$ cat coords-v6.txt   # compact mmCIF, N, CA and C atoms
# COMPACT_ATOMS: atom_id res chain seq x y z
N SER A 21 74.92 116.14 38.70
CA SER A 21 74.44 115.52 39.93
C SER A 21 74.29 116.58 41.02
N SER A 22 73.56 116.25 42.09
CA SER A 22 73.33 117.21 43.15
C SER A 22 74.61 117.54 43.91
N LEU A 23 75.53 116.58 44.05
CA LEU A 23 76.79 116.86 44.74
C LEU A 23 77.64 117.84 43.95
N ALA A 24 77.64 117.74 42.64
CA ALA A 24 78.44 118.63 41.80
C ALA A 24 77.99 120.08 41.93
N SER A 25 76.74 120.32 42.28
CA SER A 25 76.26 121.70 42.41
C SER A 25 76.00 122.09 43.87
N ALA A 26 76.51 121.29 44.81
CA ALA A 26 76.31 121.59 46.23
C ALA A 26 76.91 122.94 46.61
N ASP A 27 77.99 123.33 45.93
CA ASP A 27 78.60 124.63 46.22
C ASP A 27 77.63 125.77 45.94
N GLU A 28 76.86 125.66 44.89
CA GLU A 28 75.89 126.71 44.58
C GLU A 28 74.76 126.75 45.60
N THR A 29 74.41 125.59 46.14
CA THR A 29 73.39 125.55 47.19
C THR A 29 73.91 126.22 48.46
N LEU A 30 75.16 125.95 48.82
CA LEU A 30 75.73 126.51 50.03
C LEU A 30 76.08 127.99 49.90
N TRP A 31 76.79 128.34 48.82
CA TRP A 31 77.34 129.68 48.69
C TRP A 31 76.62 130.54 47.66
N HIS A 32 75.63 129.96 47.00
CA HIS A 32 74.88 130.67 45.97
C HIS A 32 75.76 131.12 44.81
N ARG A 33 76.83 130.38 44.59
CA ARG A 33 77.75 130.63 43.47
C ARG A 33 78.68 129.43 43.35
N PRO A 34 79.27 129.22 42.20
CA PRO A 34 80.26 128.15 42.07
C PRO A 34 81.49 128.46 42.92
N ASN A 35 82.10 127.43 43.49
CA ASN A 35 83.31 127.58 44.29
C ASN A 35 84.44 126.82 43.59
N SER A 36 85.50 127.53 43.21
CA SER A 36 86.55 126.91 42.40
C SER A 36 87.28 125.80 43.14
N LEU A 37 87.51 125.93 44.44
CA LEU A 37 88.18 124.87 45.19
C LEU A 37 87.31 123.61 45.23
N PHE A 38 86.03 123.79 45.54
CA PHE A 38 85.12 122.65 45.58
C PHE A 38 85.04 121.97 44.22
N ARG A 39 84.84 122.75 43.17
CA ARG A 39 84.72 122.19 41.83
C ARG A 39 86.02 121.52 41.38
N GLY A 40 87.14 122.15 41.68
CA GLY A 40 88.43 121.56 41.32
C GLY A 40 88.66 120.24 42.03
N GLY A 41 88.30 120.18 43.31
CA GLY A 41 88.44 118.94 44.06
C GLY A 41 87.54 117.84 43.54
N MET A 42 86.38 118.22 43.02
CA MET A 42 85.46 117.23 42.45
C MET A 42 85.96 116.74 41.09
N THR A 43 86.63 117.60 40.35
CA THR A 43 87.06 117.28 38.99
C THR A 43 88.43 116.62 38.94
N TRP A 44 89.39 117.19 39.66
CA TRP A 44 90.77 116.72 39.63
C TRP A 44 91.01 115.79 40.82
N ARG A 45 90.91 114.48 40.59
CA ARG A 45 90.92 113.50 41.67
C ARG A 45 92.31 113.02 42.09
N LEU A 46 93.28 113.07 41.19
CA LEU A 46 94.61 112.56 41.51
C LEU A 46 95.49 113.66 42.10
N PRO A 47 96.34 113.35 43.08
CA PRO A 47 97.20 114.37 43.67
C PRO A 47 98.17 114.98 42.67
N THR A 48 98.39 114.31 41.54
CA THR A 48 99.31 114.82 40.52
C THR A 48 98.60 115.64 39.45
N ASP A 49 97.27 115.78 39.53
CA ASP A 49 96.53 116.57 38.56
C ASP A 49 96.93 118.05 38.65
N PRO A 50 96.88 118.77 37.54
CA PRO A 50 97.37 120.15 37.49
C PRO A 50 96.70 121.11 38.47
N PHE A 51 95.46 120.86 38.83
CA PHE A 51 94.75 121.74 39.75
C PHE A 51 95.50 121.92 41.06
N TRP A 52 96.14 120.84 41.53
CA TRP A 52 96.77 120.85 42.84
C TRP A 52 98.14 121.50 42.84
N GLY A 53 98.74 121.70 41.69
CA GLY A 53 100.06 122.34 41.63
C GLY A 53 101.16 121.40 42.09
N GLU A 54 102.36 121.91 42.16
CA GLU A 54 103.51 121.10 42.54
C GLU A 54 103.45 120.64 43.99
N GLU A 55 102.75 121.38 44.84
CA GLU A 55 102.69 121.03 46.25
C GLU A 55 101.75 119.85 46.54
N GLY A 56 100.94 119.47 45.57
CA GLY A 56 99.98 118.40 45.80
C GLY A 56 98.77 118.90 46.56
N ARG A 57 97.96 117.98 47.06
CA ARG A 57 96.71 118.34 47.72
C ARG A 57 96.91 119.19 48.96
N ASP A 58 98.02 119.03 49.67
CA ASP A 58 98.24 119.81 50.89
C ASP A 58 98.34 121.30 50.61
N ARG A 59 98.54 121.67 49.38
CA ARG A 59 98.60 123.08 49.00
C ARG A 59 97.35 123.82 49.47
N TRP A 60 96.21 123.18 49.42
CA TRP A 60 94.95 123.81 49.79
C TRP A 60 94.55 123.53 51.24
N CYS A 61 95.35 122.72 51.94
CA CYS A 61 94.91 122.23 53.24
C CYS A 61 95.82 122.60 54.40
N ASP A 62 96.73 123.56 54.24
CA ASP A 62 97.61 123.96 55.32
C ASP A 62 96.89 124.99 56.17
N LEU A 63 96.00 124.50 57.02
CA LEU A 63 95.13 125.38 57.81
C LEU A 63 95.91 126.24 58.79
N GLU A 64 96.93 125.65 59.39
CA GLU A 64 97.67 126.37 60.41
C GLU A 64 98.39 127.59 59.86
N SER A 65 98.83 127.51 58.60
CA SER A 65 99.54 128.65 58.01
C SER A 65 98.63 129.87 57.82
N LEU A 66 97.33 129.67 57.89
CA LEU A 66 96.40 130.79 57.74
C LEU A 66 96.36 131.69 58.96
N GLY A 67 96.82 131.16 60.11
CA GLY A 67 96.81 131.96 61.33
C GLY A 67 95.42 132.45 61.67
N LYS A 68 95.33 133.68 62.11
CA LYS A 68 94.05 134.26 62.52
C LYS A 68 93.09 134.43 61.35
N ASP A 69 93.60 134.33 60.11
CA ASP A 69 92.74 134.42 58.93
C ASP A 69 92.07 133.09 58.59
N CYS A 70 92.32 132.06 59.38
CA CYS A 70 91.67 130.77 59.15
C CYS A 70 90.17 130.96 59.30
N PRO A 71 89.39 130.60 58.29
CA PRO A 71 87.94 130.83 58.35
C PRO A 71 87.28 129.88 59.35
N PRO A 72 86.07 130.19 59.78
CA PRO A 72 85.32 129.26 60.64
C PRO A 72 85.12 127.93 59.91
N ILE A 73 85.36 126.84 60.62
CA ILE A 73 85.28 125.52 59.99
C ILE A 73 84.55 124.56 60.92
N ARG A 74 83.66 123.76 60.35
CA ARG A 74 82.93 122.71 61.07
C ARG A 74 83.41 121.38 60.52
N LEU A 75 83.99 120.55 61.39
CA LEU A 75 84.52 119.24 61.00
C LEU A 75 83.59 118.15 61.49
N VAL A 76 83.35 117.15 60.64
CA VAL A 76 82.47 116.03 60.99
C VAL A 76 83.21 114.74 60.70
N SER A 77 83.13 113.79 61.62
CA SER A 77 83.76 112.49 61.43
C SER A 77 82.95 111.44 62.17
N GLY A 78 83.45 110.22 62.15
CA GLY A 78 82.85 109.11 62.89
C GLY A 78 83.94 108.40 63.68
N TRP A 79 83.54 107.71 64.73
CA TRP A 79 84.52 107.00 65.57
C TRP A 79 85.36 106.02 64.76
N TRP A 80 84.78 105.40 63.73
CA TRP A 80 85.52 104.44 62.92
C TRP A 80 85.80 104.99 61.52
N ASP A 81 85.74 106.29 61.37
CA ASP A 81 85.98 106.93 60.09
C ASP A 81 87.46 106.75 59.71
N ILE A 82 87.70 106.41 58.45
CA ILE A 82 89.08 106.23 58.00
C ILE A 82 89.85 107.55 58.04
N PHE A 83 89.14 108.67 58.14
CA PHE A 83 89.78 109.98 58.20
C PHE A 83 89.70 110.61 59.59
N LEU A 84 89.37 109.85 60.63
CA LEU A 84 89.23 110.41 61.97
C LEU A 84 90.53 111.07 62.43
N ARG A 85 91.67 110.39 62.26
CA ARG A 85 92.94 110.96 62.71
C ARG A 85 93.23 112.30 62.01
N GLN A 86 93.02 112.36 60.70
CA GLN A 86 93.25 113.61 59.98
C GLN A 86 92.28 114.70 60.43
N THR A 87 91.05 114.31 60.75
CA THR A 87 90.07 115.29 61.23
C THR A 87 90.49 115.85 62.57
N LEU A 88 90.97 114.99 63.46
CA LEU A 88 91.46 115.47 64.76
C LEU A 88 92.68 116.36 64.60
N ASP A 89 93.58 115.99 63.68
CA ASP A 89 94.75 116.83 63.39
C ASP A 89 94.32 118.19 62.84
N ASP A 90 93.33 118.19 61.94
CA ASP A 90 92.82 119.45 61.38
C ASP A 90 92.22 120.33 62.49
N PHE A 91 91.47 119.70 63.39
CA PHE A 91 90.87 120.45 64.50
C PHE A 91 91.97 121.12 65.34
N ALA A 92 93.00 120.36 65.69
CA ALA A 92 94.10 120.91 66.48
C ALA A 92 94.81 122.04 65.71
N SER A 93 95.00 121.86 64.40
CA SER A 93 95.65 122.90 63.58
C SER A 93 94.83 124.18 63.56
N ILE A 94 93.52 124.05 63.46
CA ILE A 94 92.65 125.22 63.41
C ILE A 94 92.68 125.96 64.75
N VAL A 95 92.64 125.21 65.85
CA VAL A 95 92.70 125.84 67.17
C VAL A 95 94.02 126.58 67.32
N ARG A 96 95.13 125.96 66.91
CA ARG A 96 96.43 126.64 66.98
C ARG A 96 96.44 127.87 66.06
N ALA A 97 95.90 127.73 64.86
CA ALA A 97 95.92 128.84 63.90
C ALA A 97 95.12 130.03 64.42
N ARG A 98 93.96 129.76 64.96
CA ARG A 98 93.08 130.84 65.42
C ARG A 98 93.46 131.33 66.82
N GLY A 99 94.29 130.55 67.53
CA GLY A 99 94.68 130.93 68.88
C GLY A 99 93.58 130.68 69.90
N ALA A 100 92.54 129.99 69.51
CA ALA A 100 91.40 129.70 70.40
C ALA A 100 90.51 128.68 69.71
N SER A 101 89.52 128.17 70.44
CA SER A 101 88.60 127.19 69.85
C SER A 101 87.35 127.86 69.29
N THR A 102 87.35 129.17 69.18
CA THR A 102 86.21 129.85 68.57
C THR A 102 86.30 129.70 67.05
N GLY A 103 85.16 129.59 66.41
CA GLY A 103 85.13 129.47 64.96
C GLY A 103 85.50 128.10 64.44
N VAL A 104 85.49 127.11 65.31
CA VAL A 104 85.74 125.74 64.87
C VAL A 104 84.82 124.83 65.68
N ARG A 105 84.30 123.82 65.01
CA ARG A 105 83.44 122.84 65.69
C ARG A 105 83.81 121.46 65.18
N LEU A 106 83.90 120.52 66.10
CA LEU A 106 84.18 119.12 65.78
C LEU A 106 83.02 118.27 66.25
N VAL A 107 82.43 117.51 65.34
CA VAL A 107 81.34 116.59 65.67
C VAL A 107 81.79 115.20 65.26
N VAL A 108 81.78 114.26 66.23
CA VAL A 108 82.15 112.87 65.95
C VAL A 108 80.94 112.00 66.24
N TYR A 109 80.40 111.39 65.19
CA TYR A 109 79.24 110.51 65.31
C TYR A 109 79.69 109.07 65.48
N ALA A 110 78.79 108.22 65.94
CA ALA A 110 79.05 106.79 66.02
C ALA A 110 79.03 106.23 64.59
N GLY A 111 80.05 105.46 64.23
CA GLY A 111 80.07 104.84 62.92
C GLY A 111 81.31 105.16 62.12
N GLY A 112 81.37 104.60 60.93
CA GLY A 112 82.47 104.81 60.01
C GLY A 112 82.15 105.89 59.00
N HIS A 113 83.04 106.10 58.07
CA HIS A 113 82.93 107.20 57.11
C HIS A 113 81.61 107.16 56.34
N PHE A 114 81.35 106.09 55.63
CA PHE A 114 80.13 106.01 54.83
C PHE A 114 78.92 105.70 55.69
N GLY A 115 79.10 104.99 56.79
CA GLY A 115 78.00 104.70 57.69
C GLY A 115 77.43 105.97 58.29
N VAL A 116 78.32 106.87 58.72
CA VAL A 116 77.87 108.14 59.28
C VAL A 116 77.16 108.96 58.21
N ALA A 117 77.75 109.02 57.03
CA ALA A 117 77.12 109.79 55.94
C ALA A 117 75.74 109.23 55.62
N GLY A 118 75.60 107.90 55.63
CA GLY A 118 74.31 107.30 55.31
C GLY A 118 73.28 107.44 56.41
N SER A 119 73.70 107.21 57.67
CA SER A 119 72.74 107.21 58.76
C SER A 119 72.48 108.59 59.35
N ARG A 120 73.44 109.51 59.20
CA ARG A 120 73.29 110.83 59.81
C ARG A 120 73.34 111.96 58.78
N GLY A 121 73.14 111.61 57.53
CA GLY A 121 73.26 112.60 56.45
C GLY A 121 72.43 113.85 56.66
N LYS A 122 71.17 113.69 57.08
CA LYS A 122 70.31 114.86 57.28
C LYS A 122 70.82 115.70 58.44
N ASP A 123 71.24 115.05 59.54
CA ASP A 123 71.79 115.79 60.68
C ASP A 123 73.04 116.57 60.27
N ILE A 124 73.90 115.91 59.48
CA ILE A 124 75.14 116.55 59.03
C ILE A 124 74.80 117.75 58.15
N ALA A 125 73.91 117.55 57.19
CA ALA A 125 73.53 118.65 56.29
C ALA A 125 72.90 119.81 57.06
N ASP A 126 71.99 119.50 57.98
CA ASP A 126 71.36 120.55 58.79
C ASP A 126 72.41 121.32 59.58
N GLY A 127 73.37 120.58 60.15
CA GLY A 127 74.43 121.24 60.91
C GLY A 127 75.31 122.12 60.06
N VAL A 128 75.61 121.66 58.84
CA VAL A 128 76.43 122.46 57.92
C VAL A 128 75.69 123.74 57.54
N PHE A 129 74.41 123.63 57.21
CA PHE A 129 73.66 124.82 56.84
C PHE A 129 73.53 125.79 58.02
N ALA A 130 73.33 125.27 59.23
CA ALA A 130 73.26 126.14 60.41
C ALA A 130 74.61 126.83 60.64
N TRP A 131 75.70 126.09 60.43
CA TRP A 131 77.05 126.65 60.58
C TRP A 131 77.28 127.78 59.57
N TYR A 132 76.91 127.55 58.32
CA TYR A 132 77.07 128.58 57.29
C TYR A 132 76.18 129.78 57.58
N ASP A 133 74.96 129.55 58.02
CA ASP A 133 74.09 130.66 58.38
C ASP A 133 74.74 131.52 59.47
N GLU A 134 75.29 130.84 60.48
CA GLU A 134 75.87 131.55 61.62
C GLU A 134 77.17 132.26 61.27
N HIS A 135 78.07 131.58 60.58
CA HIS A 135 79.42 132.10 60.39
C HIS A 135 79.67 132.76 59.04
N ILE A 136 79.01 132.32 58.03
CA ILE A 136 79.25 132.89 56.71
C ILE A 136 78.21 133.97 56.40
N LEU A 137 76.95 133.62 56.55
CA LEU A 137 75.90 134.60 56.28
C LEU A 137 75.63 135.50 57.47
N GLN A 138 76.17 135.12 58.64
CA GLN A 138 76.05 135.85 59.89
C GLN A 138 74.60 136.09 60.28
N LEU A 139 73.81 135.03 60.12
CA LEU A 139 72.42 135.08 60.55
C LEU A 139 72.34 134.60 61.98
N ASN A 140 71.34 135.03 62.70
CA ASN A 140 71.13 134.56 64.06
C ASN A 140 70.66 133.12 64.02
N GLY A 141 71.08 132.35 65.01
CA GLY A 141 70.63 130.97 65.11
C GLY A 141 69.15 130.91 65.45
N ASP A 142 68.61 129.71 65.41
CA ASP A 142 67.18 129.54 65.69
C ASP A 142 66.92 129.26 67.17
N GLY A 143 67.97 129.42 68.00
CA GLY A 143 67.80 129.15 69.42
C GLY A 143 67.92 127.68 69.75
N SER A 144 68.28 126.87 68.78
CA SER A 144 68.40 125.43 69.00
C SER A 144 69.48 125.11 70.01
N ASP A 145 69.23 124.15 70.87
CA ASP A 145 70.27 123.72 71.79
C ASP A 145 70.84 122.36 71.34
N ASP A 146 70.69 122.03 70.08
CA ASP A 146 71.23 120.80 69.52
C ASP A 146 72.74 120.83 69.68
N PRO A 147 73.33 119.89 70.45
CA PRO A 147 74.77 119.93 70.68
C PRO A 147 75.58 119.82 69.40
N ALA A 148 75.05 119.15 68.40
CA ALA A 148 75.80 119.00 67.14
C ALA A 148 75.91 120.32 66.38
N THR A 149 75.16 121.32 66.79
CA THR A 149 75.27 122.63 66.14
C THR A 149 75.67 123.73 67.12
N SER A 150 75.85 123.42 68.42
CA SER A 150 76.12 124.49 69.36
C SER A 150 77.39 124.32 70.19
N SER A 151 78.02 123.18 70.23
CA SER A 151 79.20 122.95 71.06
C SER A 151 80.47 122.99 70.22
N THR A 152 81.60 123.30 70.85
CA THR A 152 82.87 123.29 70.14
C THR A 152 83.26 121.87 69.77
N VAL A 153 83.12 120.94 70.72
CA VAL A 153 83.37 119.52 70.46
C VAL A 153 82.13 118.76 70.89
N CYS A 154 81.67 117.88 70.04
CA CYS A 154 80.45 117.12 70.29
C CYS A 154 80.71 115.66 69.91
N LEU A 155 80.64 114.76 70.89
CA LEU A 155 80.94 113.34 70.67
C LEU A 155 79.70 112.50 70.93
N GLU A 156 79.29 111.71 69.96
CA GLU A 156 78.12 110.85 70.13
C GLU A 156 78.48 109.67 71.04
N VAL A 157 77.59 109.37 71.99
CA VAL A 157 77.78 108.28 72.94
C VAL A 157 77.19 107.01 72.35
N PHE A 158 77.92 105.92 72.42
CA PHE A 158 77.45 104.65 71.89
C PHE A 158 76.35 104.06 72.76
N GLY A 159 75.43 103.37 72.12
CA GLY A 159 74.42 102.60 72.82
C GLY A 159 73.30 103.41 73.44
N SER A 160 73.24 104.69 73.19
CA SER A 160 72.17 105.50 73.75
C SER A 160 71.04 105.63 72.74
N SER A 161 69.84 105.59 73.25
CA SER A 161 68.69 105.75 72.36
C SER A 161 67.65 106.58 73.09
N PRO A 162 67.28 107.74 72.60
CA PRO A 162 67.85 108.36 71.41
C PRO A 162 69.30 108.75 71.63
N SER A 163 69.94 109.19 70.57
CA SER A 163 71.35 109.52 70.64
C SER A 163 71.63 110.56 71.70
N GLU A 164 72.73 110.36 72.41
CA GLU A 164 73.22 111.33 73.39
C GLU A 164 74.57 111.83 72.92
N PHE A 165 74.90 113.05 73.29
CA PHE A 165 76.18 113.63 72.94
C PHE A 165 76.87 114.18 74.19
N LEU A 166 78.20 114.01 74.23
CA LEU A 166 79.01 114.69 75.23
C LEU A 166 79.44 116.00 74.60
N GLU A 167 79.25 117.08 75.31
CA GLU A 167 79.58 118.39 74.78
C GLU A 167 80.76 118.98 75.53
N PHE A 168 81.65 119.63 74.77
CA PHE A 168 82.81 120.29 75.36
C PHE A 168 82.91 121.68 74.81
$ encode --input "coords-v6.txt" --output "structure tokens"
Amino acid sequence: SSLASADETLWHRPNSLFRGGMTWRLPTDPFWGEEGRDRWCDLESLGKDCPPIRLVSGWWDIFLRQTLDDFASIVRARGASTGVRLVVYAGGHFGVAGSRGKDIADGVFAWYDEHILQLNGDGSDDPATSSTVCLEVFGSSPSEFLEF
């Protein structure tokens, strides 16, 4: 499936963490080790070596709290809000993925171009790809974002 090979699209090579997460679904599976899934997710312990990360969620996302916690952990780890971006869209987990999938994918690719491939941006002032924190405002048409 296209999701199974998304790592090759993003990084131009297979990624063992991505593939392991796709294959080993239970927290008790051998891939995760004795520490469980948190073994791969202790962002704060990385300190200044924490890589640039772009987090995406929705106001009613079942993982919103964890996403906010991850954002705070990354800021603490890096000692600043550089190299981290939080985008919160209107909607729930699957609703956001369904209604904003192209925006999310475009933002992820722009993030990788900027931080991983270190390419210059296209000059876009799209808040979902240029602000540290970007929150979608409800009831606005077209969509409006608060930028921080």
$ select_by_dssp --input "coords-v6.txt" --residues "segment 70-99 of chain A" --states "alpha helix (DSSP H)" --output "PyMOL selection string"
chain A and resi 84-98
$ closest_residue --input "coords-v6.txt" --among "A:Leu46, A:Val153, A:Ala100, A:Ile82" --to "Gly112 of chain A" --atoms "only N, CA and C atoms"
A:Ile82
$ atom_distance --input "coords-v6.txt" --atom1 "atom C of Asp49 of chain A" --atom2 "atom CA of Ile136 of chain A"
29.3 Å
$ residues_around --input "coords-v6.txt" --residues "Ala92 of chain A" --least-positions-apart "2" --cutoff "12 Å" --atoms "only C-alpha atoms" --output "ChimeraX atom specification"
/A:63-64,73,75,85-90,94-101,104-106,153
$ closest_residue --input "coords-v6.txt" --among "A:Trp52, A:Phe91, A:Phe168, A:Phe114" --to "Gly40 of chain A" --atoms "all atoms listed in the file"
A:Trp52
$ select_by_dssp --input "coords-v6.txt" --residues "chain A" --states "strand (DSSP E or B)" --output "ChimeraX atom specification"
/A:73-78,104-109,153-157,164-167
$ residues_around --input "coords-v6.txt" --residues "Gly115 of chain A" --least-positions-apart "5" --cutoff "12 Å" --atoms "only C-alpha atoms" --output "PyMOL selection string"
chain A and resi 77-82+109-110+120-121
$ atom_distance --input "coords-v6.txt" --atom1 "atom C of Asp126 of chain A" --atom2 "atom CA of Trp31 of chain A"
14.6 Å
$ atom_distance --input "coords-v6.txt" --atom1 "atom N of Pro47 of chain A" --atom2 "atom C of Asn35 of chain A"
18.0 Å
$ residues_around --input "coords-v6.txt" --residues "Leu166 of chain A" --least-positions-apart "3" --cutoff "6 Å" --atoms "all atoms listed in the file" --output "PyMOL selection string"
chain A and resi 153-157
$ closest_residue --input "coords-v6.txt" --among "A:Asp62, A:Tyr132, A:Glu28, A:Val116" --to "Ser93 of chain A" --atoms "all atoms listed in the file"
A:Asp62
$ build_atoms --input "coords-v6.txt" --residues "segment 105-119 of chain A" --atoms "N, CA, C and O atoms" --output "PDB file, keeping the file's coordinate frame"
ATOM      1  N   ARG A 105      84.300 123.820  65.010  1.00  0.00           N
ATOM      2  CA  ARG A 105      83.440 122.840  65.690  1.00  0.00           C
ATOM      3  C   ARG A 105      83.810 121.460  65.180  1.00  0.00           C
ATOM      4  O   ARG A 105      84.011 121.253  63.986  1.00  0.00           O
ATOM      5  N   LEU A 106      83.900 120.520  66.100  1.00  0.00           N
ATOM      6  CA  LEU A 106      84.180 119.120  65.780  1.00  0.00           C
ATOM      7  C   LEU A 106      83.020 118.270  66.250  1.00  0.00           C
ATOM      8  O   LEU A 106      82.647 118.324  67.421  1.00  0.00           O
ATOM      9  N   VAL A 107      82.430 117.510  65.340  1.00  0.00           N
ATOM     10  CA  VAL A 107      81.340 116.590  65.670  1.00  0.00           C
ATOM     11  C   VAL A 107      81.790 115.200  65.260  1.00  0.00           C
ATOM     12  O   VAL A 107      82.166 114.973  64.109  1.00  0.00           O
ATOM     13  N   VAL A 108      81.780 114.260  66.230  1.00  0.00           N
ATOM     14  CA  VAL A 108      82.150 112.870  65.950  1.00  0.00           C
ATOM     15  C   VAL A 108      80.940 112.000  66.240  1.00  0.00           C
ATOM     16  O   VAL A 108      80.485 111.911  67.389  1.00  0.00           O
ATOM     17  N   TYR A 109      80.400 111.390  65.190  1.00  0.00           N
ATOM     18  CA  TYR A 109      79.240 110.510  65.310  1.00  0.00           C
ATOM     19  C   TYR A 109      79.690 109.070  65.480  1.00  0.00           C
ATOM     20  O   TYR A 109      80.827 108.707  65.165  1.00  0.00           O
ATOM     21  N   ALA A 110      78.790 108.220  65.940  1.00  0.00           N
ATOM     22  CA  ALA A 110      79.050 106.790  66.020  1.00  0.00           C
ATOM     23  C   ALA A 110      79.030 106.230  64.590  1.00  0.00           C
ATOM     24  O   ALA A 110      78.124 106.534  63.825  1.00  0.00           O
ATOM     25  N   GLY A 111      80.050 105.460  64.230  1.00  0.00           N
ATOM     26  CA  GLY A 111      80.070 104.840  62.920  1.00  0.00           C
ATOM     27  C   GLY A 111      81.310 105.160  62.120  1.00  0.00           C
ATOM     28  O   GLY A 111      82.196 105.894  62.567  1.00  0.00           O
ATOM     29  N   GLY A 112      81.370 104.600  60.930  1.00  0.00           N
ATOM     30  CA  GLY A 112      82.470 104.810  60.010  1.00  0.00           C
ATOM     31  C   GLY A 112      82.150 105.890  59.000  1.00  0.00           C
ATOM     32  O   GLY A 112      81.075 106.513  59.040  1.00  0.00           O
ATOM     33  N   HIS A 113      83.040 106.100  58.070  1.00  0.00           N
ATOM     34  CA  HIS A 113      82.930 107.200  57.110  1.00  0.00           C
ATOM     35  C   HIS A 113      81.610 107.160  56.340  1.00  0.00           C
ATOM     36  O   HIS A 113      80.822 108.102  56.408  1.00  0.00           O
ATOM     37  N   PHE A 114      81.350 106.090  55.630  1.00  0.00           N
ATOM     38  CA  PHE A 114      80.130 106.010  54.830  1.00  0.00           C
ATOM     39  C   PHE A 114      78.920 105.700  55.690  1.00  0.00           C
ATOM     40  O   PHE A 114      77.806 106.127  55.363  1.00  0.00           O
ATOM     41  N   GLY A 115      79.100 104.990  56.790  1.00  0.00           N
ATOM     42  CA  GLY A 115      78.000 104.700  57.690  1.00  0.00           C
ATOM     43  C   GLY A 115      77.430 105.970  58.290  1.00  0.00           C
ATOM     44  O   GLY A 115      76.207 106.154  58.377  1.00  0.00           O
ATOM     45  N   VAL A 116      78.320 106.870  58.720  1.00  0.00           N
ATOM     46  CA  VAL A 116      77.870 108.140  59.280  1.00  0.00           C
ATOM     47  C   VAL A 116      77.160 108.960  58.210  1.00  0.00           C
ATOM     48  O   VAL A 116      76.086 109.523  58.448  1.00  0.00           O
ATOM     49  N   ALA A 117      77.750 109.020  57.030  1.00  0.00           N
ATOM     50  CA  ALA A 117      77.120 109.790  55.940  1.00  0.00           C
ATOM     51  C   ALA A 117      75.740 109.230  55.620  1.00  0.00           C
ATOM     52  O   ALA A 117      74.801 110.001  55.373  1.00  0.00           O
ATOM     53  N   GLY A 118      75.600 107.900  55.630  1.00  0.00           N
ATOM     54  CA  GLY A 118      74.310 107.300  55.310  1.00  0.00           C
ATOM     55  C   GLY A 118      73.280 107.440  56.410  1.00  0.00           C
ATOM     56  O   GLY A 118      72.117 107.768  56.164  1.00  0.00           O
ATOM     57  N   SER A 119      73.700 107.210  57.670  1.00  0.00           N
ATOM     58  CA  SER A 119      72.740 107.210  58.760  1.00  0.00           C
ATOM     59  C   SER A 119      72.480 108.590  59.350  1.00  0.00           C
ATOM     60  O   SER A 119      71.444 108.831  59.937  1.00  0.00           O
TER      61      SER A 119
END
